[in-house]
Structure formats: structure tokens, C-alpha cells
>>> print(open('model_22.cif').read())   # mmCIF, C-alpha atoms
data_structure
#
loop_
_atom_site.label_atom_id
_atom_site.label_comp_id
_atom_site.auth_asym_id
_atom_site.auth_seq_id
_atom_site.Cartn_x
_atom_site.Cartn_y
_atom_site.Cartn_z
CA MET H 1 0.00 0.00 0.00
CA PRO H 2 1.49 3.42 -0.93
CA GLN H 3 2.25 5.95 1.77
CA ARG H 4 -0.89 7.81 2.73
CA THR H 5 -0.90 11.53 2.08
CA VAL H 6 -2.16 13.98 4.64
CA THR H 7 -5.70 15.08 3.93
CA THR H 8 -8.56 16.57 5.83
CA LEU H 9 -8.30 13.49 7.96
CA ASP H 10 -5.26 15.08 9.58
CA LEU H 11 -7.02 17.55 11.83
CA GLN H 12 -4.69 16.90 14.73
CA ALA H 13 -1.49 18.28 13.28
CA ALA H 14 0.68 21.26 14.18
CA PRO H 15 -0.70 24.76 14.86
CA GLN H 16 -1.27 27.23 12.04
CA THR H 17 -1.42 30.98 12.06
CA ASP H 18 -5.07 31.37 11.09
CA LEU H 19 -6.82 28.81 13.29
CA LEU H 20 -4.77 28.18 16.42
CA PRO H 21 -5.60 24.83 18.05
CA THR H 22 -4.56 24.40 21.65
CA LYS H 23 -4.64 20.60 21.70
CA LYS H 24 -4.71 17.67 19.37
CA LYS H 25 -8.10 16.70 18.03
CA GLU H 26 -9.46 13.43 16.78
CA ARG H 27 -9.06 12.72 13.10
CA ILE H 28 -12.46 12.81 11.44
CA GLU H 29 -11.88 9.83 9.18
CA GLU H 30 -15.20 10.09 7.38
CA ILE H 31 -14.58 13.56 5.94
CA THR H 32 -12.40 12.47 3.03
CA LEU H 33 -14.78 9.64 2.20
CA LEU H 34 -17.77 11.99 2.14
CA ARG H 35 -15.82 14.36 -0.10
CA ALA H 36 -15.16 11.49 -2.51
CA PHE H 37 -18.86 10.60 -2.70
CA ALA H 38 -19.77 14.25 -3.25
CA PHE H 39 -17.21 14.65 -6.03
CA LEU H 40 -18.46 11.50 -7.77
CA ALA H 41 -22.06 12.72 -7.46
CA ILE H 42 -21.26 16.04 -9.12
CA THR H 43 -19.28 14.35 -11.88
CA MET H 44 -22.21 12.02 -12.52
CA GLN H 45 -24.64 14.97 -12.75
CA HIS H 46 -22.56 16.72 -15.37
CA SER H 47 -22.01 13.52 -17.33
CA ILE H 48 -25.77 12.93 -17.39
CA ALA H 49 -26.36 16.50 -18.57
CA GLU H 50 -24.27 15.70 -21.66
CA TYR H 51 -26.82 13.12 -22.81
CA ILE H 52 -30.24 13.61 -21.29
CA TYR H 53 -31.33 16.46 -23.59
CA ARG H 54 -30.09 14.95 -26.87
CA SER H 55 -32.77 14.79 -29.53
CA ASP H 56 -32.23 11.11 -30.33
CA ILE H 57 -32.50 9.84 -26.75
CA LEU H 58 -35.10 7.15 -26.03
CA GLN H 59 -37.63 7.82 -23.30
CA SER H 60 -36.46 4.82 -21.29
CA ASP H 61 -32.88 6.14 -21.26
CA ALA H 62 -34.06 9.65 -20.38
CA ILE H 63 -36.10 8.37 -17.43
CA MET H 64 -33.21 6.31 -16.06
CA LEU H 65 -30.81 9.23 -16.42
CA ALA H 66 -33.28 11.49 -14.64
CA MET H 67 -33.48 9.06 -11.72
CA LEU H 68 -29.68 8.86 -11.54
CA PHE H 69 -29.49 12.64 -11.66
CA ASP H 70 -31.98 12.97 -8.80
CA PHE H 71 -30.03 10.39 -6.79
CA THR H 72 -26.86 12.50 -6.92
CA ARG H 73 -28.26 15.89 -5.88
CA PHE H 74 -26.52 15.72 -2.51
CA GLY H 75 -23.14 16.60 -4.06
CA THR H 76 -23.02 20.38 -3.73
CA PRO H 77 -24.81 20.57 -0.34
CA ALA H 78 -22.37 17.95 0.97
CA PHE H 79 -19.46 20.28 0.22
CA VAL H 80 -21.18 23.14 2.02
CA PHE H 81 -21.75 20.78 4.96
CA LEU H 82 -18.05 19.83 4.95
CA SER H 83 -17.00 23.48 4.89
CA GLY H 84 -19.05 24.21 7.99
CA LEU H 85 -17.78 21.07 9.71
CA LEU H 86 -14.10 21.80 9.14
CA LEU H 87 -14.24 25.52 9.85
CA PHE H 88 -15.92 25.04 13.21
CA TYR H 89 -13.93 21.94 14.11
CA ASN H 90 -10.62 23.74 13.54
CA ASN H 91 -11.68 26.95 15.25
CA ASN H 92 -10.94 27.39 18.96
CA GLY H 93 -12.01 31.03 19.18
CA LYS H 94 -8.58 32.50 18.33
CA LEU H 95 -9.15 33.34 14.68
CA SER H 96 -6.52 35.54 13.05
CA TYR H 97 -8.70 36.91 10.27
CA TRP H 98 -6.30 38.17 7.60
CA PRO H 99 -3.96 35.15 7.63
CA PHE H 100 -7.09 32.99 7.56
CA VAL H 101 -8.48 34.77 4.48
CA ARG H 102 -5.09 35.07 2.78
CA LYS H 103 -4.44 31.34 3.02
CA ARG H 104 -7.82 30.62 1.41
CA LEU H 105 -7.21 33.17 -1.30
CA VAL H 106 -4.02 31.31 -2.21
CA ASP H 107 -5.30 27.76 -1.81
CA ILE H 108 -8.86 28.15 -3.12
CA TYR H 109 -9.36 31.39 -5.02
CA LEU H 110 -6.08 31.34 -6.96
CA PRO H 111 -6.83 27.87 -8.44
CA PHE H 112 -10.33 29.15 -9.27
CA VAL H 113 -8.84 32.09 -11.19
CA CYS H 114 -6.37 29.83 -13.04
CA TRP H 115 -9.08 27.39 -14.09
CA THR H 116 -11.39 30.24 -15.06
CA VAL H 117 -8.71 31.40 -17.51
CA ILE H 118 -8.26 27.83 -18.78
CA TYR H 119 -11.98 27.40 -19.45
CA TRP H 120 -12.17 30.88 -20.95
CA ILE H 121 -9.39 30.06 -23.41
CA ALA H 122 -10.87 26.64 -24.20
CA VAL H 123 -14.36 27.95 -24.93
CA GLN H 124 -13.74 31.48 -26.14
CA GLY H 125 -10.72 30.52 -28.21
CA VAL H 126 -11.05 26.90 -29.29
CA ALA H 127 -14.83 26.49 -29.39
CA PHE H 128 -15.85 30.01 -30.48
CA GLY H 129 -12.62 31.07 -32.18
CA GLN H 130 -12.92 34.57 -30.71
CA LEU H 131 -9.52 35.07 -29.09
CA GLY H 132 -8.55 37.15 -32.11
CA ASN H 133 -10.46 40.11 -30.66
CA PRO H 134 -8.33 41.42 -27.74
CA ALA H 135 -10.67 44.36 -27.17
CA ASP H 136 -13.32 41.91 -25.94
CA TRP H 137 -11.04 40.01 -23.56
CA PRO H 138 -11.45 42.15 -20.40
CA ARG H 139 -15.25 42.10 -20.56
CA THR H 140 -15.66 38.36 -21.17
CA LEU H 141 -12.94 37.30 -18.73
CA LEU H 142 -14.20 39.62 -15.98
CA HIS H 143 -17.68 38.19 -16.46
CA GLU H 144 -16.30 34.66 -16.02
CA LEU H 145 -14.55 35.60 -12.78
CA PHE H 146 -17.82 36.74 -11.20
CA LEU H 147 -20.48 34.73 -13.05
CA PRO H 148 -18.76 31.64 -14.47
CA THR H 149 -20.48 30.09 -17.48
CA TYR H 150 -17.67 28.47 -19.48
CA GLY H 151 -16.50 26.69 -16.36
CA TYR H 152 -20.13 26.20 -15.36
CA HIS H 153 -19.28 24.38 -12.12
CA LEU H 154 -16.97 27.15 -10.86
CA TRP H 155 -19.89 29.21 -9.53
CA PHE H 156 -19.44 27.28 -6.30
CA ILE H 157 -16.10 28.88 -5.42
CA PRO H 158 -17.31 32.52 -5.20
CA MET H 159 -20.38 31.27 -3.31
CA ILE H 160 -18.48 29.22 -0.73
CA PHE H 161 -15.89 31.96 -0.31
CA GLN H 162 -18.63 34.14 1.16
CA TYR H 163 -18.68 31.76 4.15
CA TYR H 164 -14.95 32.27 4.65
CA LEU H 165 -15.21 36.04 4.51
CA LEU H 166 -18.08 36.05 7.00
CA PHE H 167 -16.89 33.21 9.20
CA PRO H 168 -16.08 35.40 12.26
CA LEU H 169 -19.74 36.49 12.31
CA PHE H 170 -20.96 32.89 12.06
CA ALA H 171 -18.57 31.81 14.79
CA LEU H 172 -19.72 34.65 17.05
CA ALA H 173 -23.38 33.79 16.50
CA ILE H 174 -22.81 30.10 17.29
CA GLN H 175 -20.79 31.05 20.37
CA LYS H 176 -23.62 33.25 21.69
CA VAL H 177 -26.17 30.49 21.19
CA ARG H 178 -23.95 27.95 22.95
CA GLN H 179 -23.43 30.31 25.89
CA LYS H 180 -27.18 30.81 26.28
CA LEU H 181 -27.79 27.07 26.13
CA GLN H 182 -25.03 26.34 28.65
CA ALA H 183 -26.55 28.89 31.04
CA MET H 184 -29.87 27.01 31.06
CA PRO H 185 -30.61 24.21 33.54
CA GLY H 186 -29.40 21.02 31.89
CA GLY H 187 -27.06 22.87 29.53
CA ALA H 188 -26.90 22.36 25.78
CA SER H 189 -28.85 19.11 25.68
CA PHE H 190 -29.40 17.16 22.49
CA ARG H 191 -33.10 17.94 22.64
CA ARG H 192 -32.54 21.69 22.73
CA VAL H 193 -30.01 21.61 19.92
CA PHE H 194 -32.35 19.43 17.88
CA MET H 195 -35.20 21.91 18.38
CA ILE H 196 -33.02 24.84 17.29
CA VAL H 197 -31.82 22.98 14.19
CA THR H 198 -35.41 21.98 13.37
CA PHE H 199 -36.53 25.59 13.70
CA MET H 200 -33.71 26.78 11.43
CA GLY H 201 -34.63 24.02 9.00
CA ALA H 202 -38.21 25.28 8.93
CA LEU H 203 -36.98 28.81 8.18
CA TYR H 204 -34.75 27.45 5.44
CA GLY H 205 -37.68 25.49 4.02
CA ILE H 206 -39.69 28.72 3.84
CA LEU H 207 -36.79 30.37 2.02
CA MET H 208 -36.73 27.48 -0.45
CA TRP H 209 -40.49 27.82 -0.96
CA LEU H 210 -40.11 31.53 -1.66
CA SER H 211 -37.21 30.80 -4.01
CA SER H 212 -39.29 28.30 -5.99
CA TYR H 213 -42.75 29.86 -6.01
CA ARG H 214 -42.38 33.59 -5.39
CA MET H 215 -38.97 34.93 -6.37
CA PRO H 216 -39.31 34.20 -10.11
CA ASP H 217 -42.49 36.31 -10.16
CA TRP H 218 -40.83 39.02 -8.10
CA ALA H 219 -37.98 39.16 -10.62
CA ASP H 220 -40.46 39.63 -13.47
CA ASP H 221 -42.51 42.23 -11.59
CA TRP H 222 -39.67 44.31 -10.19
CA GLY H 223 -37.28 44.16 -13.15
CA GLY H 224 -33.98 46.02 -13.37
CA PHE H 225 -31.47 45.56 -10.56
CA TRP H 226 -33.70 43.37 -8.39
CA ALA H 227 -34.44 41.07 -11.30
CA SER H 228 -30.69 40.43 -11.67
CA VAL H 229 -30.26 39.90 -7.93
CA LEU H 230 -33.06 37.35 -7.78
CA SER H 231 -32.05 35.62 -11.00
CA TYR H 232 -28.60 34.86 -9.56
CA ARG H 233 -29.82 33.89 -6.09
CA SER H 234 -28.13 30.47 -6.35
CA TYR H 235 -24.79 32.32 -6.10
CA TYR H 236 -25.52 33.63 -2.57
CA PHE H 237 -24.42 31.81 0.57
CA VAL H 238 -27.72 32.41 2.36
CA PHE H 239 -29.46 29.94 0.03
CA TYR H 240 -27.28 27.11 1.41
CA PHE H 241 -26.94 28.17 5.03
CA PHE H 242 -28.75 25.18 6.54
CA TYR H 243 -26.16 22.71 5.25
CA PHE H 244 -23.42 24.93 6.69
CA LEU H 245 -25.28 24.94 10.01
CA LEU H 246 -25.49 21.14 9.97
CA GLY H 247 -21.73 21.03 9.49
CA ALA H 248 -21.27 23.28 12.53
CA VAL H 249 -23.55 21.06 14.63
CA CYS H 250 -21.54 18.00 13.57
CA ALA H 251 -18.24 19.71 14.40
CA LEU H 252 -19.30 20.91 17.85
CA GLY H 253 -20.84 17.60 18.90
CA LEU H 254 -19.05 15.02 16.78
CA GLN H 255 -19.59 11.95 18.94
CA ARG H 256 -23.28 12.75 19.51
CA TRP H 257 -23.71 13.39 15.78
CA ARG H 258 -22.20 10.02 14.97
CA ARG H 259 -24.56 8.27 17.39
CA PHE H 260 -27.47 10.18 15.90
CA VAL H 261 -26.80 9.09 12.30
CA GLU H 262 -26.00 5.53 13.33
CA ASP H 263 -29.06 5.13 15.58
CA GLY H 264 -31.37 6.66 12.98
CA PHE H 265 -29.80 4.91 10.00
CA ILE H 266 -32.82 2.74 9.16
CA TRP H 267 -35.28 5.61 9.57
CA PHE H 268 -33.19 7.90 7.38
CA GLY H 269 -33.10 5.12 4.80
CA PHE H 270 -36.89 4.77 4.78
CA ALA H 271 -37.33 8.54 4.60
CA PHE H 272 -34.91 8.89 1.72
CA ILE H 273 -36.50 6.05 -0.30
CA ALA H 274 -39.98 7.52 0.14
CA LEU H 275 -38.87 11.06 -0.73
CA TYR H 276 -36.77 9.86 -3.66
CA ILE H 277 -39.68 7.94 -5.18
CA TRP H 278 -42.02 10.89 -4.74
CA GLN H 279 -39.58 13.36 -6.27
CA GLY H 280 -39.02 11.00 -9.19
CA TYR H 281 -42.76 10.97 -9.72
CA GLU H 282 -42.84 14.78 -9.64
CA ILE H 283 -40.05 15.01 -12.23
CA LEU H 284 -41.80 12.61 -14.59
CA ASN H 285 -45.22 14.13 -13.94
CA HIS H 286 -43.99 17.57 -15.03
CA SER H 287 -42.02 16.30 -18.03
CA THR H 288 -43.26 16.03 -21.59
CA GLU H 289 -41.11 14.76 -24.43
CA THR H 290 -38.14 16.31 -22.62
CA ILE H 291 -37.28 15.50 -19.00
CA ASN H 292 -37.80 18.50 -16.71
CA LEU H 293 -34.92 18.44 -14.23
CA ASN H 294 -35.97 21.77 -12.72
CA TYR H 295 -38.02 19.77 -10.23
CA ALA H 296 -34.77 18.39 -8.84
CA GLY H 297 -33.25 21.86 -8.32
CA TYR H 298 -31.31 22.65 -5.14
CA LEU H 299 -33.50 25.60 -4.22
CA ARG H 300 -36.77 23.70 -3.96
CA PRO H 301 -38.28 22.83 -0.56
CA PHE H 302 -38.93 19.17 -1.37
CA THR H 303 -35.41 18.70 -2.74
CA PHE H 304 -34.06 20.25 0.45
CA VAL H 305 -35.79 17.64 2.64
CA LEU H 306 -34.66 14.87 0.29
CA ILE H 307 -31.03 16.03 0.42
CA VAL H 308 -30.99 16.29 4.23
CA SER H 309 -32.32 12.75 4.59
CA GLN H 310 -29.76 11.53 2.06
CA LEU H 311 -26.87 13.31 3.77
CA LEU H 312 -27.76 11.70 7.10
CA LEU H 313 -28.09 8.30 5.45
CA LEU H 314 -24.84 8.74 3.53
CA TYR H 315 -22.94 9.73 6.66
CA GLY H 316 -24.06 6.48 8.26
CA ILE H 317 -23.01 4.49 5.19
CA ILE H 318 -19.60 6.15 5.23
CA ARG H 319 -19.17 5.27 8.89
CA PHE H 320 -19.81 1.65 7.91
CA VAL H 321 -17.34 1.80 5.00
CA GLN H 322 -14.77 3.41 7.26
CA THR H 323 -15.19 0.69 9.89
CA ARG H 324 -14.89 -2.11 7.35
CA GLY H 325 -11.81 -0.59 5.70
CA GLY H 326 -10.37 -2.55 2.80
CA ALA H 327 -9.85 -1.66 -0.84
CA ALA H 328 -13.08 0.33 -1.20
CA CYS H 329 -12.12 2.58 1.70
CA ARG H 330 -8.64 3.15 0.25
CA ILE H 331 -10.06 4.01 -3.18
CA PHE H 332 -12.54 6.52 -1.77
CA ARG H 333 -9.84 8.02 0.43
CA PHE H 334 -7.60 8.51 -2.61
CA ILE H 335 -10.45 10.13 -4.57
CA GLY H 336 -11.31 12.37 -1.63
CA THR H 337 -7.70 13.47 -1.22
CA TYR H 338 -7.54 14.88 -4.76
CA SER H 339 -11.20 15.79 -5.12
CA PHE H 340 -10.68 19.56 -5.05
CA GLY H 341 -8.36 19.45 -8.04
CA GLY H 342 -10.59 16.84 -9.64
CA PHE H 343 -13.61 19.07 -9.15
CA LEU H 344 -11.90 22.02 -10.82
CA ALA H 345 -10.68 19.88 -13.73
CA HIS H 346 -13.58 17.50 -14.32
CA ALA H 347 -15.53 19.81 -16.64
CA PHE H 348 -12.42 20.18 -18.80
CA VAL H 349 -11.98 16.40 -19.02
CA LEU H 350 -15.68 16.05 -19.77
CA MET H 351 -15.32 18.67 -22.53
CA LEU H 352 -12.61 16.58 -24.19
CA ILE H 353 -14.67 13.39 -23.99
CA SER H 354 -17.78 15.18 -25.28
CA SER H 355 -15.90 16.39 -28.34
CA ILE H 356 -15.76 12.71 -29.33
CA THR H 357 -19.24 11.58 -28.22
CA ARG H 358 -21.39 14.47 -29.45
CA PRO H 359 -21.08 13.65 -33.16
CA LEU H 360 -21.98 9.99 -32.51
CA ALA H 361 -25.45 8.52 -33.06
CA LEU H 362 -26.17 6.84 -29.73
CA THR H 363 -29.89 6.06 -29.95
CA GLY H 364 -30.61 3.32 -27.44
CA TYR H 365 -27.21 3.68 -25.79
CA HIS H 366 -27.40 7.00 -23.96
CA LEU H 367 -27.59 5.41 -20.52
CA PRO H 368 -24.45 3.24 -20.87
CA ALA H 369 -22.70 6.12 -22.68
CA ALA H 370 -23.41 8.45 -19.77
CA VAL H 371 -22.17 5.92 -17.21
CA LEU H 372 -19.00 5.27 -19.23
CA THR H 373 -18.45 9.01 -19.64
CA PHE H 374 -18.82 9.43 -15.89
CA ALA H 375 -16.23 6.73 -15.17
CA LEU H 376 -13.73 8.18 -17.65
CA THR H 377 -14.29 11.76 -16.44
CA ALA H 378 -13.91 10.87 -12.77
CA ALA H 379 -10.78 8.80 -13.36
CA GLY H 380 -9.28 11.35 -15.74
CA SER H 381 -9.85 14.36 -13.49
CA ILE H 382 -8.55 12.65 -10.34
CA GLY H 383 -5.56 11.37 -12.30
CA LEU H 384 -4.88 14.87 -13.60
CA ALA H 385 -5.11 16.31 -10.08
CA LYS H 386 -2.67 13.67 -8.84
CA LEU H 387 -0.27 14.53 -11.67
CA LEU H 388 -0.53 18.28 -11.01
CA SER H 389 0.18 17.72 -7.31
CA LYS H 390 3.65 16.49 -8.25
CA LEU H 391 4.53 19.68 -10.15
CA SER H 392 6.14 22.71 -8.56
CA PHE H 393 3.31 24.99 -9.72
CA GLY H 394 0.59 22.44 -8.91
CA ARG H 395 -0.61 24.47 -5.93
CA TRP H 396 -1.81 27.17 -8.32
CA LEU H 397 -4.17 24.67 -9.93
CA ILE H 398 -5.27 22.31 -7.16
CA GLY H 399 -4.39 24.05 -3.89
CA THR H 400 -2.25 22.39 -1.20
CA THR H 401 -2.85 18.67 -1.27
CA GLY H 402 -1.10 15.38 -1.80
CA LYS H 403 2.71 15.46 -1.61
CA ARG H 404 2.96 19.10 -0.53
CA ALA H 405 0.51 18.65 2.34
CA ASN H 406 2.28 15.46 3.38
CA ARG H 407 5.66 17.21 3.47
CA ASN H 408 4.38 20.06 5.61
CA ARG H 409 2.42 17.78 7.96
CA ILE H 410 -0.32 20.30 8.39
CA LYS H 411 -3.98 19.80 9.12
CA ALA H 412 -6.63 20.06 6.44
CA SER H 413 -5.64 22.66 3.90
CA PRO H 414 -8.28 25.21 2.81
CA ALA H 415 -8.39 23.66 -0.65
CA GLN H 416 -9.40 20.36 0.96
CA GLN H 417 -12.10 21.94 3.10
CA THR H 418 -14.55 22.74 0.37
CA PHE H 419 -15.90 22.90 -3.11
CA PRO H 420 -18.63 21.22 -6.58
CA GLN H 421 -21.45 21.61 -9.24
#
>>> encode(input="model_22.cif", output="C-alpha cells")
Amino acid sequence: MPQRTVTTLDLQAAPQTDLLPTKKKERIEEITLLRAFAFLAITMQHSIAEYIYRSDILQSDAIMLAMLFDFTRFGTPAFVFLSGLLLFYNNNGKLSYWPFVRKRLVDIYLPFVCWTVIYWIAVQGVAFGQLGNPADWPRTLLHELFLPTYGYHLWFIPMIFQYYLLFPLFALAIQKVRQKLQAMPGGASFRRVFMIVTFMGALYGILMWLSSYRMPDWADDWGGFWASVLSYRSYYFVFYFFYFLLGAVCALGLQRWRRFVEDGFIWFGFAFIALYIWQGYEILNHSTETINLNYAGYLRPFTFVLIVSQLLLLYGIIRFVQTRGGAACRIFRFIGTYSFGGFLAHAFVLMLISSITRPLALTGYHLPAAVLTFALTAAGSIGLAKLLSKLSFGRWLIGTTGKRANRNRIKASPAQQTFPQ
């Protein structure tokens, strides 16, 4: 077995200048495995999107791809959850803000900028053949840095970075709530925390309902500036805050969280199956000749409940995989280690594969083609991230991971704390 690289598992390592731990902490073994599952889910979604809207697809293939797509919707929320978990787990109340932000600018935002330029060149130059007009470069490139479209998955980085910029406020709010709970008779009991999380979940559900059923109309009625604000609401951190809160709850009560997901494993499984079947029915019921995947959108209240049940179920499954160990655990750990670089690169790998598959007539074979594309894209992007980690400038493209992180023996690097669709 090759020497294991340091990943987000290594939360017990030496102090850093931005989050200053005072004692060693337990390694959260399941984090890297969950990151691997989330990365694979996002890669599957984008591979499916390459095929599901093709004009020659059979209805049977389209339905199966829609069900696979709905099954993998946990990917992006899982990364938000992991960001909350790691930020709060590493924080001991002694946050040095500017070193904290600067490290994440280097390890997360710099790779985002580099890949934005790569996708801009690939699409604007190779696909559109428009790099011959330098006067248009600043406008198009600046647009991609704020509202990525060529690297369509890169929207996640500016969104998640909002949590880093505002983390001191989140930490202060959580600290105040914990102090109030501790001052009560019985302290911060599981029941009280559960009630608070349930209440916040209800508020988030209302926000999702407004996002699905009211905000599109508001955008049309108000127009102008507010129409733009509401149209890009998926770019704002507030529309994912509940998953970040769940990560904080996990971080601040890790052992109790583990018992919760393990004790409720069967119930979460039943809940997920029921919700998954119902959402599949909703997708098909609102589809005509073309599958309507809008009913599986992140910002829908029913999808929110489905994703939460799936995250809880998946956490329990990962605990089981982690306990069993073996080859599967090692494979998922390897994928999770390089998943940030793989996430950034996977759309580029998929673009190369699609340049071959799009001209092909695949009637009757869209389902196996999508699955094969997923396997090649996942393997290719993780392999590319592994290769880049060995280069001196690899940090610019995949953050600090792999060999560099192993040499420095540090805890989870910012690039390993987050990212997705």
C-alpha cells in the first residue's frame, strides 16, 4: 500500500497561524470519504447533462438518467456541509482573520482564477474562435470571474468563499447560542439543539419555498437591478446556510452526531427512499417529451428535505465503510484526497470526452454512454489532479494537497475543506 498523504483526515497536526488549536483533536476519518462521494455525485450529474437532452434519446434512457441525476443531488450541499464542519472543528475562538483569508485566497481562489482562464481560453478561443479580438477580452474574462459560465461548475467557489469572509460572524453567533444554552438548567442538551436545528430548518424550508414559487415572479414584476439579484440567487451563501449549520452542529458535537446518524440509520433510509420515489414521480409528472430536471433543483423545498435525509443516510453508510476498511475505503480516500483538483478539472476532461461523443449517433445507448463518460471523467480528473500535485506549480491549480501537504504535515488545507457543481 502506498504511503498515505495527509488530507482533511489530519485535523490533529501542528498549529497554524489562522486557526490556532490548543490541543490535538481526533481525526475525522469520514470527511475524506464523504468528499469522494460528493465529487463523484457532481461528476455524474454533469455527465448525465451531456446526454439527457439529446434529440435522439429514447424515453427509457431519459427516465433512467433522470433518476440517476436525482439520486446525486446531494453533491453540492455535501461540500457546504463539509465546509461548515471543518471551519468550526478547527476553530478554537482565536481566529486571526487576515492570515485565515489570505491562506484561502491562495489555496482556493487562486486555483479558481487559473481554471477560469483555462476554461475561458478553451471555450472562447477553441470552441468560439474569438480570441482574435483582444478588445473583448477584459469584458468576457471579468464576467467569467464573477459569473462563471464556461467553467459552469466554478460558480461554487465565489459562493463558498462568502462563508470564509463572514466566518467570524458565524462563529460569534454560534458562540452566543452555545453560551445561552449552557446557562440554562441542563445545559446544551441534544433535545434543545435538535429543536433549534429543526426551527432553522423550517426557516430554510420557507426560504426554499419563496425561491421556488415567489422569487421568479418578483424578478419579473420588479425588473432592473432586483431582477438580476433574484435571478442569480443560487450564487448567494444564504441559500445554502442550513447545510453549513449542519456542518457546525456535527463539528461541535461530533460523537453525539455520529450516534445520531447511526441510531437513525434505518429511519433515514426509509425517509430517503420515500422522498426519492415521490420526487421522481414529480419530475416525470412535469415532463413532456423532454425530462424537466428543474423539479430536482437545489433551491426547492422538497429537494431540500430529500437532500438532508440523504446526507444523514450517507454519513451512516460512510461510517460503515470506514469501519470495514479494505480496498473500497482506500479508493474513496484517494479520490477524496484529490477531489478539489478533480472538481476544478472535471468539466475540462468532460469537454474533451464530449468532443468525441457528441457527433456519434447513440440512440438506445445514452444510458451506458453516460455511465461510461462518468467513469472516464472521474478517473481522468482525479488522475490529472494527482499529476498536477507532483509539479512545482501544482498548488496554483489544485491548492495544497497530496505530496505538498504530506511534506508540511499540516492539518486540512483550505483547498481540501470545500468545493462542486
>>> atom_distance(input="model_22.cif", atom1="CA of Tyr338 (chain H)", atom2="CA of Ile382 (chain H)")
6.1 Å
>>> closest_residue(input="model_22.cif", among="H:Val249, H:Ser211, H:Trp218, H:Ala379", to="Ala345 (chain H)", atoms="all atoms listed in the file")
H:Ala379
>>> closest_residue(input="model_22.cif", among="H:Ile277, H:Val197, H:Ile335, H:Ile318", to="Leu68 (chain H)", atoms="all atoms listed in the file")
H:Ile277
>>> closest_residue(input="model_22.cif", among="H:Phe374, H:Tyr97, H:Tyr152, H:Phe270", to="Ala171 (chain H)", atoms="only C-alpha atoms")
H:Tyr97
>>> atom_distance(input="model_22.cif", atom1="CA of Phe156 (chain H)", atom2="CA of Val229 (chain H)")
16.7 Å
>>> resolve_selection(input="model_22.cif", expression="the PyMOL selection byres ((chain H and resi 389) around 9)", output="list of chain:residue names")
H:Tyr338, H:Gly341, H:Leu384, H:Ala385, H:Lys386, H:Leu387, H:Leu388, H:Lys390, H:Leu391, H:Ser392, H:Phe393, H:Gly394, H:Arg395, H:Leu397, H:Ile398, H:Gly399, H:Thr400, H:Thr401, H:Gly402, H:Lys403, H:Arg404
>>> closest_residue(input="model_22.cif", among="H:Tyr240, H:Tyr235, H:Phe167, H:Phe332", to="Gly201 (chain H)", atoms="all atoms listed in the file")
H:Tyr240
>>> closest_residue(input="model_22.cif", among="H:Asn92, H:Thr337, H:Gln322, H:Thr363", to="Gly383 (chain H)", atoms="all atoms listed in the file")
H:Thr337
>>> closest_atom_pairs(input="model_22.cif", of="region 225-265 of chain H", to="region 280-304 of chain H", cutoff="10 Å", atoms="only C-alpha atoms", output="Markdown table")
| residue | atom | partner | partner_atom | distance |
| --- | --- | --- | --- | --- |
| H:Arg233 | CA | H:Leu299 | CA | 9.3 |
| H:Ser234 | CA | H:Leu299 | CA | 7.6 |
| H:Phe239 | CA | H:Leu299 | CA | 7.3 |
| H:Tyr240 | CA | H:Leu299 | CA | 8.5 |
| H:Phe242 | CA | H:Phe304 | CA | 9.5 |
| H:Tyr243 | CA | H:Phe304 | CA | 9.6 |
>>> resolve_selection(input="model_22.cif", expression="the PyMOL selection byres ((chain H and resi 307-312) around 6)", output="JSON list (two decimals) with C-alpha atoms, in the frame of the given file")
[["chain", "number", "residue", "atom", "x", "y", "z"],
["H", 74, "PHE", "CA", -26.52, 15.72, -2.51],
["H", 261, "VAL", "CA", -26.80, 9.09, 12.30],
["H", 268, "PHE", "CA", -33.19, 7.90, 7.38],
["H", 272, "PHE", "CA", -34.91, 8.89, 1.72],
["H", 304, "PHE", "CA", -34.06, 20.25, 0.45],
["H", 305, "VAL", "CA", -35.79, 17.64, 2.64],
["H", 306, "LEU", "CA", -34.66, 14.87, 0.29],
["H", 313, "LEU", "CA", -28.09, 8.30, 5.45],
["H", 314, "LEU", "CA", -24.84, 8.74, 3.53],
["H", 315, "TYR", "CA", -22.94, 9.73, 6.66]]
>>> atom_distance(input="model_22.cif", atom1="CA of Pro111 (chain H)", atom2="CA of Trp98 (chain H)")
19.1 Å
>>> resolve_selection(input="model_22.cif", expression="the PyMOL selection byres ((chain H and resi 367-373) around 10)", output="NGL selection string")
:H and (43-52 or 57-58 or 60-65 or 68 or 349-350 or 353-354 or 357 or 362-366 or 374-379)
>>> closest_residue(input="model_22.cif", among="H:Val80, H:Ile196, H:Val117, H:Met351", to="Val238 (chain H)", atoms="all atoms listed in the file")
H:Val80
>>> residues_around(input="model_22.cif", residues="Arg35 (chain H)", least_positions_apart="2", cutoff="9 Å", atoms="all atoms listed in the file", output="ChimeraX atom specification")
/H:30-33,37-40,75,78-79,82,332-333,335-337,339-340,416,418
>>> axis_aligned_box(input="model_22.cif", around="region 256-261 of chain H", padding_each_side="3 Å", output="JSON")
{"center_x": -24.8, "center_y": 10.8, "center_z": 15.9, "size_x": 11.3, "size_y": 11.1, "size_z": 13.2}
>>> build_atoms(input="model_22.cif", residues="region 268-276 of chain H", atoms="N, CA, C and O atoms", output="CSV table (one decimal), keeping the file's coordinate frame")
chain,number,residue,atom,x,y,z
H,268,PHE,N,-33.6,7.0,8.5
H,268,PHE,CA,-33.2,7.9,7.4
H,268,PHE,C,-33.3,7.2,6.0
H,268,PHE,O,-33.6,7.8,5.0
H,269,GLY,N,-33.0,5.9,6.0
H,269,GLY,CA,-33.1,5.1,4.8
H,269,GLY,C,-34.5,5.1,4.3
H,269,GLY,O,-34.8,5.3,3.1
H,270,PHE,N,-35.5,4.8,5.2
H,270,PHE,CA,-36.9,4.8,4.8
H,270,PHE,C,-37.3,6.1,4.3
H,270,PHE,O,-38.1,6.2,3.3
H,271,ALA,N,-36.9,7.2,5.0
H,271,ALA,CA,-37.3,8.5,4.6
H,271,ALA,C,-36.8,8.9,3.2
H,271,ALA,O,-37.5,9.4,2.4
H,272,PHE,N,-35.5,8.6,3.0
H,272,PHE,CA,-34.9,8.9,1.7
H,272,PHE,C,-35.6,8.1,0.6
H,272,PHE,O,-35.9,8.7,-0.5
H,273,ILE,N,-35.9,6.8,0.8
H,273,ILE,CA,-36.5,6.0,-0.3
H,273,ILE,C,-37.9,6.6,-0.7
H,273,ILE,O,-38.2,6.8,-1.8
H,274,ALA,N,-38.7,7.0,0.4
H,274,ALA,CA,-40.0,7.5,0.1
H,274,ALA,C,-39.9,8.9,-0.6
H,274,ALA,O,-40.6,9.1,-1.6
H,275,LEU,N,-39.0,9.7,-0.1
H,275,LEU,CA,-38.9,11.1,-0.7
H,275,LEU,C,-38.3,11.0,-2.1
H,275,LEU,O,-38.7,11.7,-3.0
H,276,TYR,N,-37.4,10.0,-2.3
H,276,TYR,CA,-36.8,9.9,-3.7
H,276,TYR,C,-37.8,9.4,-4.7
H,276,TYR,O,-37.9,9.9,-5.8
